[in-house]
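Q: Quick one: the structure is below, and I'll ask about it shortly.
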Amino acid sequence: MSNPAAVPVPPATDPSFTPPSLGRRFGALVIDWVLCLLVSNFFADPVRDGWAPVLVLIVEYGFFLGLFAQTPGMWITRIRCLAWADGGRIGLVRALLRGVLLALVVPALIMDEHRRGLHDRLTGSVIAAAPRP
């Protein structure tokens with residue numbers, strides 16, 4: 001039986017929040033990138049048209065993070081992208097913006113103590129562990 005008083009604490013106000021390892025984040029990104037390369041093969045040559053897999057990555061992030069809080073790579077590595085302030089989904093617009101900023105690479109390399117890159121801080125998101133049922 002579930003406890004109705006056990007409401008999840010948003011990451012921003014949870015002093016015990018521990019972000020997942022960089023290895024899990026990088027693993028999720030590699031998995032998602034391989035999927036983007038495969039998908040982009042349907043409409044472009046990813047070797048010749050370098051924009052194609054990047055475009056697929058942005059769309060993938062917008063769709064999956066906006067609706068499900070996880071990309072396929074995040075699902076495999078058991079992490080998810082949540083809103084920093086309330087712990088909910090970040091929505092389609094912020095997910096698309098996060099994808100664009102991630103495609104720029106540099107914002108992801110500048111992290112704070114919660115491993116939030118500039119792309120996370122600008123979109124109000126955070127990567128957290130995803131429990132499995």
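How things are named: the first chain in the structure tokens is A, the next is B, and so on; residues count from 1 in each chain; ligands count from 1 in the order shown.
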Contacts between range 113-126 of chain A and range 55-91 of chain A, please, where a residue of range 55-91 of chain A counts if it comes within 9 Å (with only C-alpha atoms); show its shortest atom pair and distance in Å to one decimal, rows by chain and ascending number, as CSV.
A:
residue,atom,partner,partner_atom,distance
A:Arg80,CA,A:Val126,CA,8.3
A:Cys81,CA,A:Val126,CA,5.6
A:Leu82,CA,A:Val126,CA,5.4
A:Ala83,CA,A:Ser125,CA,4.4
A:Trp84,CA,A:Ser125,CA,4.8
A:Ala85,CA,A:Gly124,CA,7.1
A:Gly87,CA,A:Ser125,CA,8.6
A:Arg89,CA,A:Ser125,CA,8.8
A:Ile90,CA,A:Ser125,CA,6.8
Q: Those residues you just picked out, can you put them in a file as a PDB file, in the first residue's frame with C-alpha atoms?
A:
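The resulting file, part15.pdb, is shown below:
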ATOM      1  CA  ARG A  80      15.798  10.883 -16.228  1.00  0.00           C
ATOM      2  CA  CYS A  81      15.530  14.612 -16.809  1.00  0.00           C
ATOM      3  CA  LEU A  82      13.332  16.474 -14.337  1.00  0.00           C
ATOM      4  CA  ALA A  83      12.383  20.063 -13.636  1.00  0.00           C
ATOM      5  CA  TRP A  84      14.782  21.395 -11.007  1.00  0.00           C
ATOM      6  CA  ALA A  85      12.117  23.376  -9.124  1.00  0.00           C
ATOM      7  CA  GLY A  87      10.634  17.437  -9.983  1.00  0.00           C
ATOM      8  CA  ARG A  89       8.532  16.903 -16.574  1.00  0.00           C
ATOM      9  CA  ILE A  90      10.165  19.852 -18.302  1.00  0.00           C
TER      10      ILE A  90
END
Q: Might you pull out every residue within 7 Å of range 43-58 of chain A, with only C-alpha atoms counted and same-chain residues fewer than 4 positions away left off, and present them as a list in words?
A: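 So the residues in contact are Trp33, Cys36, Leu37, Gly62, Leu96, Gly99, Val100 and Ala103 of chain A.
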Q: Going by DSSP on the backbone, which bits of chain A are helix (DSSP H, G or I)? Write them as a PyMOL selection string, please.
A: chain A and resi 11-13+22-40+51-68+72-77+91-103+106-109+118-123
Q: Quick one: DSSP strand (DSSP E or B) residues in range 3-130 of chain A, as a list in words?
A: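 So the strand (DSSP E or B) residues in range 3-130 of chain A would be Ile79, Arg80, Cys81, Leu82, Ala83, Met111, Gly117, Ser125, Val126, Ile127, Ala128 and Ala129 of chain A.
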Q: Could the residues in this selection be written to a file with N, CA and C atoms, as an mmCIF file, in the first residue's frame?
A:
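Ended up saving to result-v3.cif:
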data_model
loop_
_atom_site.group_PDB
_atom_site.id
_atom_site.type_symbol
_atom_site.label_atom_id
_atom_site.label_comp_id
_atom_site.auth_asym_id
_atom_site.auth_seq_id
_atom_site.Cartn_x
_atom_site.Cartn_y
_atom_site.Cartn_z
ATOM 1 N N ILE A 79 18.437 6.870 -15.897
ATOM 2 C CA ILE A 79 18.429 8.251 -15.465
ATOM 3 C C ILE A 79 17.252 8.949 -16.130
ATOM 4 N N ARG A 80 16.898 10.128 -15.640
ATOM 5 C CA ARG A 80 15.798 10.883 -16.228
ATOM 6 C C ARG A 80 16.063 12.376 -16.065
ATOM 7 N N CYS A 81 15.376 13.158 -16.833
ATOM 8 C CA CYS A 81 15.530 14.612 -16.809
ATOM 9 C C CYS A 81 14.268 15.210 -16.186
ATOM 10 N N LEU A 82 14.456 15.904 -15.079
ATOM 11 C CA LEU A 82 13.332 16.474 -14.337
ATOM 12 C C LEU A 82 13.465 17.980 -14.233
ATOM 13 N N ALA A 83 12.353 18.634 -13.927
ATOM 14 C CA ALA A 83 12.383 20.063 -13.636
ATOM 15 C C ALA A 83 13.066 20.253 -12.281
ATOM 16 N N MET A 111 29.702 22.562 -15.478
ATOM 17 C CA MET A 111 28.741 22.003 -14.522
ATOM 18 C C MET A 111 28.897 22.604 -13.134
ATOM 19 N N GLY A 117 24.699 21.153 -16.128
ATOM 20 C CA GLY A 117 25.403 21.963 -17.104
ATOM 21 C C GLY A 117 24.630 23.236 -17.390
ATOM 22 N N SER A 125 16.362 22.355 -15.574
ATOM 23 C CA SER A 125 16.269 20.896 -15.492
ATOM 24 C C SER A 125 17.449 20.313 -14.729
ATOM 25 N N VAL A 126 17.332 19.039 -14.415
ATOM 26 C CA VAL A 126 18.403 18.311 -13.732
ATOM 27 C C VAL A 126 18.280 16.837 -14.124
ATOM 28 N N ILE A 127 19.418 16.156 -14.173
ATOM 29 C CA ILE A 127 19.415 14.720 -14.418
ATOM 30 C C ILE A 127 19.411 14.025 -13.063
ATOM 31 N N ALA A 128 18.504 13.078 -12.888
ATOM 32 C CA ALA A 128 18.366 12.350 -11.636
ATOM 33 C C ALA A 128 18.284 10.849 -11.929
ATOM 34 N N ALA A 129 18.535 10.071 -10.914
ATOM 35 C CA ALA A 129 18.388 8.620 -11.049
ATOM 36 C C ALA A 129 16.917 8.292 -11.284
#
Q: With only C-alpha atoms as the atoms that count, which of A:Phe17, A:Trp75, A:Phe68, A:Phe63 lies nearest to Leu29 in chain A?
A: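 Using only C-alpha atoms, the shortest distance to Leu29 in chain A belongs to A:Trp75.
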Q: Find, counting only C-alpha atoms, the residue in A:Val30, A:Val59, A:Leu22, A:Pro10 that gets nearest to Leu97 in chain A.
A: A:Val59
Q: Can you work out which one of A:Leu102, A:Leu38, A:Val93, A:Met74 has the shortest atom-to-atom distance to Gly23 in chain A, counting only C-alpha atoms?
A: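 Using only C-alpha atoms, Gly23 in chain A sits closest to A:Met74.
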Q: One number please: CA of Arg78 in chain A to CA of Arg132 in chain A, in Å, one decimal.
A: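 One can read the CA of Arg78 in chain A to CA of Arg132 in chain A distance as 7.6 Å.
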Q: How far is it from CA of Glu60 in chain A to CA of Asp14 in chain A, in Å with one decimal?
A: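 Atom-to-atom, CA of Glu60 in chain A and CA of Asp14 in chain A are spaced 29.0 Å apart.
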Q: Restricting the calculation to only C-alpha atoms, which member of A:Gly88, A:Pro20, A:Gly27, A:Pro107 is positioned closest to Leu65 in chain A?
A: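 Under the stated criterion, the closest residue is A:Gly88.
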Q: To one decimal place, how far is CA of Arg24 in chain A from CA of Ser40 in chain A in Å?
A: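 Atom-to-atom, CA of Arg24 in chain A to CA of Ser40 in chain A, that is 24.1 Å.
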